[in-house]
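Novice: Compact mmCIF, C-alpha atoms (C1' of nucleotides), saved as query.txt, coming up:
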# COMPACT_ATOMS: atom_id res chain seq x y z
CA MET A 1 5.40 16.66 -4.79
CA ALA A 2 7.40 15.46 -1.86
CA LEU A 3 10.56 14.01 -3.39
CA SER A 4 11.94 17.52 -3.31
CA HIS A 5 11.16 17.72 0.39
CA ALA A 6 12.70 14.32 1.04
CA ILE A 7 15.88 15.55 -0.63
CA MET A 8 15.91 18.78 1.34
CA THR A 9 15.34 16.79 4.51
CA ALA A 10 18.31 14.59 3.72
CA LEU A 11 20.39 17.74 3.29
CA LEU A 12 19.40 19.18 6.68
CA ASP A 13 22.50 17.81 8.39
CA ASP A 14 24.97 17.17 5.60
CA ASP A 15 25.68 18.80 2.27
CA MET A 16 25.76 16.11 -0.39
CA SER A 17 26.22 15.43 -4.07
CA GLY A 18 23.56 13.70 -6.10
CA TYR A 19 25.55 10.52 -5.99
CA GLU A 20 25.88 10.64 -2.22
CA LEU A 21 22.19 11.40 -1.87
CA ALA A 22 21.30 8.38 -3.96
CA LYS A 23 23.44 6.24 -1.68
CA ALA A 24 22.11 7.78 1.52
CA PHE A 25 18.60 7.20 0.29
CA ASP A 26 19.31 3.50 0.13
CA VAL A 27 19.90 3.23 3.86
CA SER A 28 17.96 6.03 5.53
CA LEU A 29 15.08 8.13 4.28
CA GLY A 30 15.04 6.03 1.15
CA LEU A 31 13.67 3.16 3.20
CA PHE A 32 10.54 5.28 3.40
CA TRP A 33 10.81 7.14 0.11
CA HIS A 34 12.69 5.51 -2.71
CA ALA A 35 14.20 7.47 -5.60
CA SER A 36 16.52 6.55 -8.46
CA HIS A 37 19.61 8.58 -9.14
CA GLN A 38 18.11 10.03 -12.29
CA GLN A 39 15.17 11.38 -10.36
CA ILE A 40 17.46 12.84 -7.75
CA TYR A 41 19.62 14.65 -10.30
CA GLN A 42 16.56 16.09 -12.01
CA GLU A 43 15.08 17.21 -8.73
CA LEU A 44 18.33 18.78 -7.57
CA ARG A 45 18.47 20.86 -10.73
CA LYS A 46 14.94 22.13 -10.16
CA LEU A 47 15.65 22.94 -6.52
CA VAL A 48 18.74 24.93 -7.46
CA GLU A 49 16.68 26.82 -10.08
CA LYS A 50 14.15 27.70 -7.40
CA GLY A 51 16.89 28.93 -5.09
CA LEU A 52 16.15 26.35 -2.40
CA LEU A 53 19.55 24.73 -2.83
CA GLU A 54 22.93 26.00 -3.93
CA LYS A 55 25.58 23.89 -5.55
CA GLU A 56 29.33 23.94 -5.47
CA THR A 57 31.78 21.87 -7.47
CA VAL A 58 34.24 20.12 -5.20
CA PRO A 59 37.38 18.58 -6.69
CA GLN A 60 38.46 15.28 -5.20
CA GLN A 61 41.63 13.31 -5.42
CA GLY A 62 41.41 9.90 -6.96
CA LYS A 63 37.77 10.51 -8.01
CA PRO A 64 35.89 12.71 -10.45
CA ASP A 65 34.71 16.10 -9.22
CA LYS A 66 31.44 16.14 -7.34
CA ILE A 67 28.74 18.77 -7.15
CA VAL A 68 27.77 19.29 -3.55
CA HIS A 69 24.34 20.72 -2.75
CA ARG A 70 23.53 22.81 0.30
CA LEU A 71 20.21 24.04 1.67
CA THR A 72 19.78 27.81 1.38
CA GLY A 73 17.91 29.87 3.96
CA ALA A 74 14.93 29.89 1.59
CA GLY A 75 15.20 26.10 1.37
CA ARG A 76 15.10 25.67 5.11
CA GLU A 77 12.11 27.97 5.34
CA ALA A 78 10.24 26.21 2.55
CA LEU A 79 10.86 22.85 4.20
CA ALA A 80 9.68 24.02 7.62
CA GLU A 81 6.61 25.50 5.97
CA TRP A 82 5.86 22.31 4.06
CA VAL A 83 5.63 20.32 7.28
CA TRP A 84 2.52 22.31 8.18
CA GLY A 85 0.70 21.34 5.02
CA GLU A 86 -1.58 18.39 4.46
CA SER A 87 0.11 15.05 4.04
CA ARG A 88 -0.53 12.87 1.10
CA VAL A 89 -0.43 9.16 1.51
CA GLN A 90 0.26 7.18 -1.58
CA ALA A 91 -0.63 3.63 -0.74
CA GLY A 92 2.09 1.18 -1.63
CA LYS A 93 1.50 -0.76 -4.80
CA ASP A 94 2.43 -4.35 -4.49
CA ASP A 95 1.70 -6.98 -7.10
CA LEU A 96 1.51 -9.59 -4.38
CA TRP A 97 -1.95 -8.55 -3.19
CA VAL A 98 -3.32 -8.61 -6.71
CA LYS A 99 -1.75 -11.99 -7.30
CA LEU A 100 -3.33 -13.37 -4.15
CA TYR A 101 -6.68 -12.42 -5.64
CA ASN A 102 -5.74 -14.89 -8.40
CA LEU A 103 -4.85 -17.80 -6.14
CA SER A 104 -5.47 -21.22 -7.71
CA PRO A 105 -4.25 -24.80 -7.20
CA ASP A 106 -1.94 -24.18 -10.17
CA ASN A 107 -0.09 -21.23 -8.75
CA VAL A 108 -0.31 -21.78 -5.00
CA GLY A 109 3.22 -23.18 -4.94
CA HIS A 110 4.57 -20.23 -6.84
CA LEU A 111 2.84 -17.73 -4.57
CA ALA A 112 4.09 -19.53 -1.48
CA ALA A 113 7.61 -19.29 -2.86
CA GLU A 114 7.18 -15.60 -3.51
CA ILE A 115 5.98 -15.01 0.02
CA ALA A 116 8.88 -17.01 1.39
CA GLY A 117 11.20 -14.78 -0.63
CA ARG A 118 9.57 -11.67 0.73
CA ARG A 119 9.89 -12.99 4.23
CA ASP A 120 13.56 -13.44 3.65
CA GLY A 121 14.02 -9.94 2.31
CA MET A 122 12.13 -8.48 5.24
CA MET A 123 14.31 -10.39 7.67
CA ARG A 124 17.35 -8.76 6.15
CA ARG A 125 15.76 -5.34 6.30
CA LEU A 126 14.76 -5.81 9.93
CA TYR A 127 18.30 -6.82 10.73
CA LEU A 128 19.49 -3.52 9.26
CA TYR A 129 16.83 -1.57 11.17
CA GLU A 130 17.79 -3.21 14.44
CA LYS A 131 21.44 -2.48 13.85
CA ILE A 132 20.64 1.20 13.30
CA ARG A 133 18.38 1.23 16.31
CA ARG A 134 20.93 -0.23 18.66
CA ARG A 135 23.70 1.99 17.41
CA HIS A 136 21.87 5.31 17.28
CA TYR A 137 18.58 5.08 19.10
CA ALA A 138 19.20 2.97 22.18
CA GLU A 139 17.78 5.67 24.47
CA PRO A 140 15.24 7.51 22.35
CA GLU A 141 14.11 9.87 25.09
CA ALA A 142 17.59 11.23 25.55
CA LEU A 143 17.87 12.27 21.89
CA PRO A 144 17.48 15.78 20.51
CA VAL A 145 13.96 16.48 19.31
CA ARG A 146 14.51 16.03 15.59
CA ARG A 147 16.23 12.70 16.13
CA GLN A 148 13.23 11.54 18.11
CA GLY A 149 11.14 12.07 14.99
CA VAL A 150 13.53 9.94 12.98
CA TYR A 151 13.31 7.34 15.71
CA LEU A 152 9.54 7.22 15.39
CA ALA A 153 9.81 6.63 11.65
CA LEU A 154 12.34 3.88 12.27
CA LEU A 155 10.05 2.36 14.87
CA ALA A 156 7.20 2.32 12.38
CA GLY A 157 9.43 0.49 9.93
CA ILE A 158 10.40 -2.06 12.52
CA ARG A 159 6.85 -2.66 13.67
CA GLU A 160 5.55 -2.97 10.14
CA GLY A 161 8.31 -5.41 9.29
CA GLU A 162 7.63 -7.58 12.29
CA GLN A 163 3.96 -7.63 11.47
CA PHE A 164 4.75 -8.60 7.91
CA LEU A 165 6.88 -11.53 9.08
CA ALA A 166 4.01 -12.77 11.22
CA TRP A 167 1.63 -12.47 8.29
CA CYS A 168 4.02 -14.39 6.03
CA ASP A 169 4.03 -17.27 8.49
CA GLU A 170 0.27 -17.34 8.69
CA ALA A 171 -0.03 -17.12 4.93
CA LEU A 172 2.50 -19.87 4.33
CA ALA A 173 0.68 -22.15 6.77
CA LEU A 174 -2.63 -21.62 5.04
CA LEU A 175 -1.12 -21.99 1.58
CA ALA A 176 0.52 -25.27 2.58
CA GLN A 177 -2.89 -26.55 3.60
CA VAL A 178 -4.43 -25.35 0.34
CA GLU A 179 -1.66 -27.03 -1.61
CA SER A 180 -2.06 -30.42 0.01
CA ALA A 181 -5.84 -30.31 -0.25
CA ASN A 182 -5.87 -29.20 -3.90
CA PRO A 183 -3.18 -30.89 -5.96
CA ALA A 184 -2.28 -28.79 -8.99
CA ARG A 185 -3.50 -30.09 -12.29
CA PRO A 186 -0.51 -31.54 -14.11
CA THR A 187 0.13 -28.71 -16.56
CA ALA A 188 3.66 -27.96 -17.67
CA PRO A 189 5.51 -26.51 -14.69
CA ARG A 190 6.74 -22.97 -15.37
CA PRO A 191 10.40 -21.92 -15.23
CA MET P 1 2.48 -2.41 -15.32
CA ALA P 2 0.04 -4.01 -12.97
CA LEU P 3 -2.97 -1.69 -13.01
CA SER P 4 -4.08 -3.61 -16.06
CA HIS P 5 -3.81 -6.83 -14.10
CA ALA P 6 -5.65 -5.38 -11.14
CA ILE P 7 -8.47 -4.44 -13.48
CA MET P 8 -8.56 -7.87 -15.10
CA THR P 9 -8.55 -9.44 -11.65
CA ALA P 10 -11.54 -7.35 -10.64
CA LEU P 11 -13.31 -8.59 -13.77
CA LEU P 12 -12.68 -12.27 -12.97
CA ASP P 13 -16.06 -12.71 -11.34
CA ASP P 14 -18.17 -9.86 -12.64
CA ASP P 15 -18.32 -7.95 -15.90
CA MET P 16 -18.23 -4.25 -15.11
CA SER P 17 -18.25 -0.79 -16.60
CA GLY P 18 -15.48 1.68 -15.90
CA TYR P 19 -17.69 3.49 -13.47
CA GLU P 20 -18.49 0.32 -11.57
CA LEU P 21 -14.83 -0.67 -11.54
CA ALA P 22 -13.89 2.68 -10.05
CA LYS P 23 -16.45 2.11 -7.30
CA ALA P 24 -15.45 -1.48 -6.68
CA PHE P 25 -11.84 -0.37 -6.42
CA ASP P 26 -12.79 1.85 -3.53
CA VAL P 27 -13.89 -1.05 -1.36
CA SER P 28 -12.02 -4.13 -2.51
CA LEU P 29 -8.85 -4.47 -4.56
CA GLY P 30 -8.57 -0.70 -4.50
CA LEU P 31 -7.67 -0.91 -0.83
CA PHE P 32 -4.46 -2.50 -2.06
CA TRP P 33 -4.17 -0.80 -5.43
CA HIS P 34 -5.73 2.60 -5.86
CA ALA P 35 -6.71 4.01 -9.24
CA SER P 36 -8.68 7.06 -10.32
CA HIS P 37 -11.53 6.72 -12.78
CA GLN P 38 -9.52 8.43 -15.50
CA GLN P 39 -6.78 5.88 -15.20
CA ILE P 40 -9.28 3.07 -15.29
CA TYR P 41 -10.96 4.34 -18.46
CA GLN P 42 -7.62 4.73 -20.19
CA GLU P 43 -6.50 1.30 -19.15
CA LEU P 44 -9.76 -0.30 -20.24
CA ARG P 45 -9.34 1.18 -23.71
CA LYS P 46 -5.83 -0.26 -23.98
CA LEU P 47 -6.94 -3.67 -22.77
CA VAL P 48 -9.73 -3.77 -25.33
CA GLU P 49 -7.24 -2.78 -28.06
CA LYS P 50 -5.02 -5.67 -27.00
CA GLY P 51 -7.93 -8.08 -27.12
CA LEU P 52 -7.74 -8.93 -23.43
CA LEU P 53 -11.17 -7.44 -22.78
CA GLU P 54 -14.25 -6.99 -24.87
CA LYS P 55 -16.82 -4.28 -24.36
CA GLU P 56 -20.53 -4.09 -24.82
CA THR P 57 -22.84 -1.11 -24.51
CA VAL P 58 -25.69 -1.84 -22.15
CA PRO P 59 -28.71 0.48 -22.10
CA GLN P 60 -30.20 1.13 -18.68
CA GLN P 61 -33.45 2.64 -17.56
CA GLY P 62 -33.25 5.78 -15.50
CA LYS P 63 -29.49 6.02 -16.10
CA PRO P 64 -27.13 6.72 -18.99
CA ASP P 65 -25.91 3.75 -21.02
CA LYS P 66 -22.92 1.93 -19.62
CA ILE P 67 -20.09 0.13 -21.37
CA VAL P 68 -19.56 -3.23 -19.73
CA HIS P 69 -16.19 -4.94 -20.02
CA ARG P 70 -15.65 -8.68 -20.02
CA LEU P 71 -12.47 -10.75 -19.85
CA THR P 72 -11.73 -12.63 -23.06
CA GLY P 73 -10.07 -16.03 -23.14
CA ALA P 74 -6.82 -14.30 -24.05
CA GLY P 75 -7.32 -12.00 -21.08
CA ARG P 76 -7.73 -14.88 -18.66
CA GLU P 77 -4.64 -16.55 -20.04
CA ALA P 78 -2.56 -13.40 -19.86
CA LEU P 79 -3.64 -12.87 -16.26
CA ALA P 80 -2.83 -16.44 -15.21
CA GLU P 81 0.53 -16.11 -16.92
CA TRP P 82 1.30 -12.82 -15.19
CA VAL P 83 0.93 -14.40 -11.77
CA TRP P 84 4.02 -16.47 -12.53
CA GLY P 85 6.18 -13.44 -13.22
CA GLU P 86 8.30 -11.49 -10.77
CA SER P 87 6.43 -9.18 -8.44
CA ARG P 88 7.29 -5.56 -8.18
CA VAL P 89 6.89 -3.85 -4.89
CA GLN P 90 6.49 -0.14 -4.99
CA ALA P 91 7.03 1.05 -1.47
CA GLY P 92 4.30 3.32 -0.23
CA LYS P 93 5.13 6.98 -0.30
CA ASP P 94 3.91 8.79 2.72
CA ASP P 95 4.79 12.38 3.56
CA LEU P 96 4.42 11.55 7.23
CA TRP P 97 7.76 9.75 7.46
CA VAL P 98 9.58 12.61 5.78
CA LYS P 99 7.85 15.07 8.06
CA LEU P 100 8.90 13.12 11.14
CA TYR P 101 12.48 13.59 10.00
CA ASN P 102 11.72 17.31 10.41
CA LEU P 103 10.33 17.13 13.94
CA SER P 104 10.90 20.27 15.99
CA PRO P 105 9.38 21.92 19.06
CA ASP P 106 7.53 24.20 16.63
CA ASN P 107 5.72 21.52 14.73
CA VAL P 108 5.40 18.70 17.24
CA GLY P 109 1.81 19.70 17.98
CA HIS P 110 0.94 19.73 14.30
CA LEU P 111 2.52 16.33 13.69
CA ALA P 112 0.77 14.85 16.71
CA ALA P 113 -2.52 16.13 15.28
CA GLU P 114 -1.73 14.58 11.91
CA ILE P 115 -0.98 11.25 13.52
CA ALA P 116 -4.18 11.43 15.54
CA GLY P 117 -6.04 12.03 12.28
CA ARG P 118 -4.38 9.06 10.65
CA ARG P 119 -5.25 6.93 13.61
CA ASP P 120 -8.84 7.91 13.17
CA GLY P 121 -8.85 7.11 9.49
CA MET P 122 -7.26 3.74 10.11
CA MET P 123 -9.88 2.93 12.73
CA ARG P 124 -12.58 3.51 10.15
CA ARG P 125 -10.78 1.39 7.60
CA LEU P 126 -10.31 -1.44 10.10
CA TYR P 127 -13.99 -1.28 10.90
CA LEU P 128 -14.73 -1.81 7.21
CA TYR P 129 -12.22 -4.66 6.98
CA GLU P 130 -13.72 -6.40 9.99
CA LYS P 131 -17.21 -6.06 8.59
CA ILE P 132 -16.07 -7.69 5.34
CA ARG P 133 -14.23 -10.36 7.25
CA ARG P 134 -17.18 -11.32 9.41
CA ARG P 135 -19.58 -11.34 6.52
CA HIS P 136 -17.54 -13.19 3.92
CA TYR P 137 -14.53 -14.80 5.54
CA ALA P 138 -15.71 -16.14 8.88
CA GLU P 139 -14.44 -19.63 8.09
CA PRO P 140 -11.51 -19.09 5.75
CA GLU P 141 -10.59 -22.73 5.45
CA ALA P 142 -13.99 -23.63 4.09
CA LEU P 143 -13.71 -21.15 1.22
CA PRO P 144 -12.91 -21.98 -2.40
CA VAL P 145 -9.21 -21.64 -3.18
CA ARG P 146 -9.29 -18.27 -4.89
CA ARG P 147 -11.28 -16.74 -2.06
CA GLN P 148 -8.66 -17.95 0.37
CA GLY P 149 -6.15 -15.81 -1.48
CA VAL P 150 -8.40 -12.79 -1.14
CA TYR P 151 -8.72 -13.63 2.53
CA LEU P 152 -4.95 -13.57 2.96
CA ALA P 153 -4.77 -10.13 1.39
CA LEU P 154 -7.54 -8.93 3.67
CA LEU P 155 -5.73 -10.41 6.65
CA ALA P 156 -2.58 -8.54 5.71
CA GLY P 157 -4.59 -5.32 5.59
CA ILE P 158 -6.07 -5.98 9.00
CA ARG P 159 -2.75 -6.87 10.58
CA GLU P 160 -1.04 -3.86 9.09
CA GLY P 161 -3.82 -1.61 10.27
CA GLU P 162 -3.70 -2.94 13.81
CA GLN P 163 0.05 -2.50 13.88
CA PHE P 164 -0.35 1.06 12.66
CA LEU P 165 -2.81 1.87 15.44
CA ALA P 166 -0.36 0.59 18.02
CA TRP P 167 2.40 2.67 16.48
CA CYS P 168 0.21 5.78 16.53
CA ASP P 169 -0.34 5.33 20.25
CA GLU P 170 3.36 4.94 20.91
CA ALA P 171 4.16 7.93 18.74
CA LEU P 172 1.53 10.13 20.36
CA ALA P 173 2.83 9.24 23.81
CA LEU P 174 6.39 10.13 22.87
CA LEU P 175 5.31 13.32 21.09
CA ALA P 176 3.33 14.42 24.13
CA GLN P 177 6.46 14.05 26.20
CA VAL P 178 8.49 15.97 23.65
CA GLU P 179 5.91 18.72 23.61
CA SER P 180 5.84 19.22 27.35
CA ALA P 181 9.62 19.10 27.63
CA ASN P 182 10.22 21.50 24.73
CA PRO P 183 7.68 24.34 24.65
CA ALA P 184 7.38 25.75 21.13
CA ARG P 185 8.90 29.14 20.57
CA PRO P 186 6.07 31.65 20.38
CA THR P 187 5.97 32.18 16.64
CA ALA P 188 2.67 32.91 14.97
CA PRO P 189 0.57 29.75 15.12
CA ARG P 190 -0.32 28.44 11.68
CA PRO P 191 -3.86 27.92 10.36
C1' DT X 1 48.04 -3.20 -21.63
C1' DG X 2 43.49 -4.02 -21.51
C1' DC X 3 39.34 -4.71 -18.89
C1' DC X 4 36.33 -4.14 -15.19
C1' DA X 5 34.43 -1.72 -11.22
C1' DA X 6 33.40 2.38 -8.69
C1' DT X 7 32.60 7.19 -8.74
C1' DA X 8 30.04 10.89 -10.79
C1' DT X 9 26.66 13.24 -13.77
C1' DG X 10 23.39 13.60 -17.20
C1' DC X 11 20.01 13.22 -21.69
C1' DA X 12 16.03 11.40 -24.16
C1' DA X 13 12.20 8.67 -24.69
C1' DC X 14 8.81 6.52 -22.59
C1' DT X 15 5.15 4.98 -19.23
C1' DT X 16 2.39 6.00 -15.39
C1' DG X 17 -0.46 8.86 -12.73
C1' DT X 18 -2.79 13.45 -11.61
C1' DT X 19 -5.62 17.56 -12.36
C1' DG X 20 -8.90 20.02 -14.31
C1' DC X 21 -12.24 20.25 -17.32
C1' DA X 22 -16.26 18.80 -20.55
C1' DT X 23 -20.25 16.35 -21.66
C1' DA X 24 -24.78 14.27 -21.07
C1' DA X 25 -28.88 11.81 -18.98
C1' DT X 26 -31.83 11.28 -15.11
C1' DT X 27 -33.44 11.60 -10.26
C1' DT X 28 -34.19 14.07 -6.13
C1' DA X 29 -34.71 17.94 -3.27
C1' DA X 30 -35.57 22.91 -2.45
C1' DT D 1 -38.93 24.68 -11.94
C1' DT D 2 -34.64 25.36 -11.07
C1' DA D 3 -30.67 23.47 -8.85
C1' DA D 4 -27.97 19.89 -7.28
C1' DA D 5 -26.59 15.14 -7.04
C1' DT D 6 -25.74 10.71 -9.25
C1' DT D 7 -24.53 7.95 -13.04
C1' DA D 8 -21.51 7.58 -16.89
C1' DT D 9 -17.60 8.52 -20.06
C1' DG D 10 -13.88 10.95 -21.81
C1' DC D 11 -10.00 14.62 -23.43
C1' DA D 12 -5.86 17.32 -22.77
C1' DA D 13 -2.15 19.05 -20.30
C1' DC D 14 0.87 18.19 -17.00
C1' DA D 15 3.84 15.98 -13.28
C1' DA D 16 6.19 12.00 -11.69
C1' DG D 17 8.82 8.01 -12.34
C1' DT D 18 11.32 4.41 -15.27
C1' DT D 19 14.53 2.63 -18.70
C1' DG D 20 18.20 2.74 -21.41
C1' DC D 21 21.89 4.88 -22.76
C1' DA D 22 26.12 8.19 -22.79
C1' DT D 23 30.04 10.16 -20.85
C1' DA D 24 34.29 10.80 -18.07
C1' DT D 25 37.81 9.80 -14.34
C1' DT D 26 40.45 6.87 -11.57
C1' DG D 27 41.95 2.51 -9.32
C1' DG D 28 42.73 -2.28 -9.22
C1' DC D 29 43.36 -6.65 -11.31
C1' DA D 30 45.13 -10.04 -14.63
I'd like the structure from this file rewritten - as structure tokens, please.
Specialist:
Amino acid sequence: MALSHAIMTALLDDDMSGYELAKAFDVSLGLFWHASHQQIYQELRKLVEKGLLEKETVPQQGKPDKIVHRLTGAGREALAEWVWGESRVQAGKDDLWVKLYNLSPDNVGHLAAEIAGRRDGMMRRLYLYEKIRRRHYAEPEALPVRRQGVYLALLAGIREGEQFLAWCDEALALLAQVESANPARPTAPRP
Amino acid sequence: MALSHAIMTALLDDDMSGYELAKAFDVSLGLFWHASHQQIYQELRKLVEKGLLEKETVPQQGKPDKIVHRLTGAGREALAEWVWGESRVQAGKDDLWVKLYNLSPDNVGHLAAEIAGRRDGMMRRLYLYEKIRRRHYAEPEALPVRRQGVYLALLAGIREGEQFLAWCDEALALLAQVESANPARPTAPRP
DNA sequence: TGCCAATATGCAACTTGTTGCATAATTTAA
DNA sequence: TTAAATTATGCAACAAGTTGCATATTGGCA
């Protein structure tokens, strides 16, 4: 399982609490590997049990205490070792592709709307990516080695997003044609 | 859950046994939604229980009997209805991105090799996609509506694959630079 | 003062997906 | 003729991931 390794990776630079990890995941590694806070808390517990992390309760003012987790030497070693293993790709699962297999004059409008929505969401994500890129990765070749790896992941996200936008436009064009050529039968329009 | 809907979608045109579904998944919908044969058998049982599929044992010569599954009217309705619901995207989970966050002079060679391997695999997949495209989707606008949807999914796969190849090349170029600029410390080379 | 939001952690039940094994018939190759 | 591969289905145990809830502290707003 790699969630544990994603968490350890996130802890390479900064010690964090579960709550902070969950937040960080939303804007960094989490763009490539999503996890809910429940999953993160469970995983943190297991990692502490295995001695790969150690935890420390840190009192805060104006907020409840937090439990900060730090990579141990064993954790760092295990992570470095893991990199050498075989990667597993878990293809993304997206209803949209399955739905497209069900395209019909009835639902072409709905599917076009869904794709338009996706396009919108991807625009926002790309905007975030570009902001990060400009701020932190303007000159990738001048970065320390590890940061160059992060840059490559970011670049993959950007490229994939741009490609997706282009596909959305193509798809919407074709669906518009389909729609005008095949008027939906007048069934009750769905909510 | 959408595996059930992926299965029903695969059964739109042809009645199939679990074994045949597992095979079909490897070369069609399964490129967008992978499932092991165990999952498929379990899901088929549930769908039959719900009355969305019906099964029939078909004796064969030279082979064991097979249990063919067919969409019922209720199944078709449920599927058409599902298309109108909200889509869930489950982002792909790929160790590679997490590993890139761990790039170091030690492992840059290993990661470059992994990326080269991925590039290779994607080439093969694109070759398959293109074969399908030429054979069945040469003139997309002349196809029946539902097939145009399938075409759009295929197109997304092709575009994504081409983008990935380009990224691999960029990444390999940058990693080669990193490697020559930062010779790995002479630790024992891994298997 | 009472309510909501943010911070912070966690349990319990459930669904989904994986791994490893078991079974059984028939064809093909050594 | 024995062994291996293919076709075909399935169980059981486990790991991973989701959903819904529970709890507690503090700050800000009305």
Novice: Identify, on the basis of only C-alpha atoms (C1' of nucleotides), every residue whose closest approach to Val150 of chain A does not exceed 12 Å; exclude the query and any residue fewer than 4 positions from it along the same chain; express the result as a compact mmCIF listing (two decimals) with C-alpha atoms, keeping the file's coordinate frame.
Specialist:
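around20.txt, freshly written:
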# COMPACT_ATOMS: atom_id res chain seq x y z
CA THR A 9 15.34 16.79 4.51
CA ALA A 10 18.31 14.59 3.72
CA SER A 28 17.96 6.03 5.53
CA LEU A 29 15.08 8.13 4.28
CA LEU A 31 13.67 3.16 3.20
CA PHE A 32 10.54 5.28 3.40
CA ILE A 132 20.64 1.20 13.30
CA ARG A 133 18.38 1.23 16.31
CA HIS A 136 21.87 5.31 17.28
CA TYR A 137 18.58 5.08 19.10
CA PRO A 140 15.24 7.51 22.35
CA LEU A 143 17.87 12.27 21.89
CA PRO A 144 17.48 15.78 20.51
CA VAL A 145 13.96 16.48 19.31
CA ARG A 146 14.51 16.03 15.59
CA LEU A 154 12.34 3.88 12.27
CA LEU A 155 10.05 2.36 14.87
CA ALA A 156 7.20 2.32 12.38
CA GLY A 157 9.43 0.49 9.93
CA LEU P 96 4.42 11.55 7.23
CA TRP P 97 7.76 9.75 7.46
CA VAL P 98 9.58 12.61 5.78
CA LYS P 99 7.85 15.07 8.06
CA LEU P 100 8.90 13.12 11.14
CA TYR P 101 12.48 13.59 10.00
CA ASN P 102 11.72 17.31 10.41
CA LEU P 103 10.33 17.13 13.94
CA SER P 104 10.90 20.27 15.99
CA ALA P 171 4.16 7.93 18.74
Novice: Could you give me, as a tab-separated table, every chain X residue with an atom at most 8 Å from chain P, plus its closest atom pair and distance in Å to one decimal, counting all atoms listed in the file, rows ordered by chain then number?
Specialist:
residue	atom	partner	partner_atom	distance
X:DG17	C1'	P:Gln39	CA	7.4
X:DA25	C1'	P:Pro64	CA	5.4
X:DT26	C1'	P:Gly62	CA	5.7
X:DT27	C1'	P:Gly62	CA	7.8
Novice: Could you please determine the separation between atom CA of Asp14 of chain A and atom CA of Glu160 of chain A in Å, to one decimal place?
Specialist: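 Taking atom CA of Asp14 of chain A and atom CA of Glu160 of chain A, their separation equals 28.3 Å.
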Novice: Neighbourhood query: residues within 12 Å of (11.5, 7.5, -27.6), file coordinates, counting all atoms listed in the file; return as a PyMOL selection string.
Specialist: (chain X and resi 11-15) or (chain D and resi 19-21)
Novice: Please, which residues of chain D lie no more than 10 Å from chain A when the count uses all atoms listed in the file, and can they be set out as a PDB file with C-alpha atoms (C1' of nucleotides), keeping the file's coordinate frame?
Specialist:
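Output below, filename out-v5.pdb:
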ATOM      1  C1'  DA D  15       3.840  15.980 -13.280  1.00  0.00           C
ATOM      2  C1'  DA D  16       6.190  12.000 -11.690  1.00  0.00           C
ATOM      3  C1'  DG D  17       8.820   8.010 -12.340  1.00  0.00           C
ATOM      4  C1'  DT D  18      11.320   4.410 -15.270  1.00  0.00           C
ATOM      5  C1'  DA D  24      34.290  10.800 -18.070  1.00  0.00           C
ATOM      6  C1'  DT D  25      37.810   9.800 -14.340  1.00  0.00           C
ATOM      7  C1'  DT D  26      40.450   6.870 -11.570  1.00  0.00           C
ATOM      8  C1'  DG D  27      41.950   2.510  -9.320  1.00  0.00           C
TER       9       DG D  27
END
Novice: Neighbours of segment 124-128 of chain A within 9 Å (all atoms listed in the file; same-chain residues fewer than 6 positions away dropped), as a PyMOL selection string?
Specialist: chain A and resi 27+157-158+161-162
Novice: For segment 3-12 of chain D, what centre and edge lengths in Å (one decimal) does the axis-aligned box get once 4 Å is added on each side of all its listed atoms, as AutoDock Vina command-line options?
Specialist:
--center_x -18.3 --center_y 15.5 --center_z -15.2 --size_x 32.8 --size_y 23.9 --size_z 24.4
Novice: Any idea what the distance is between atom CA of Glu54 of chain A and atom CA of His69 of chain A?
Specialist: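 The value is 5.6 Å.
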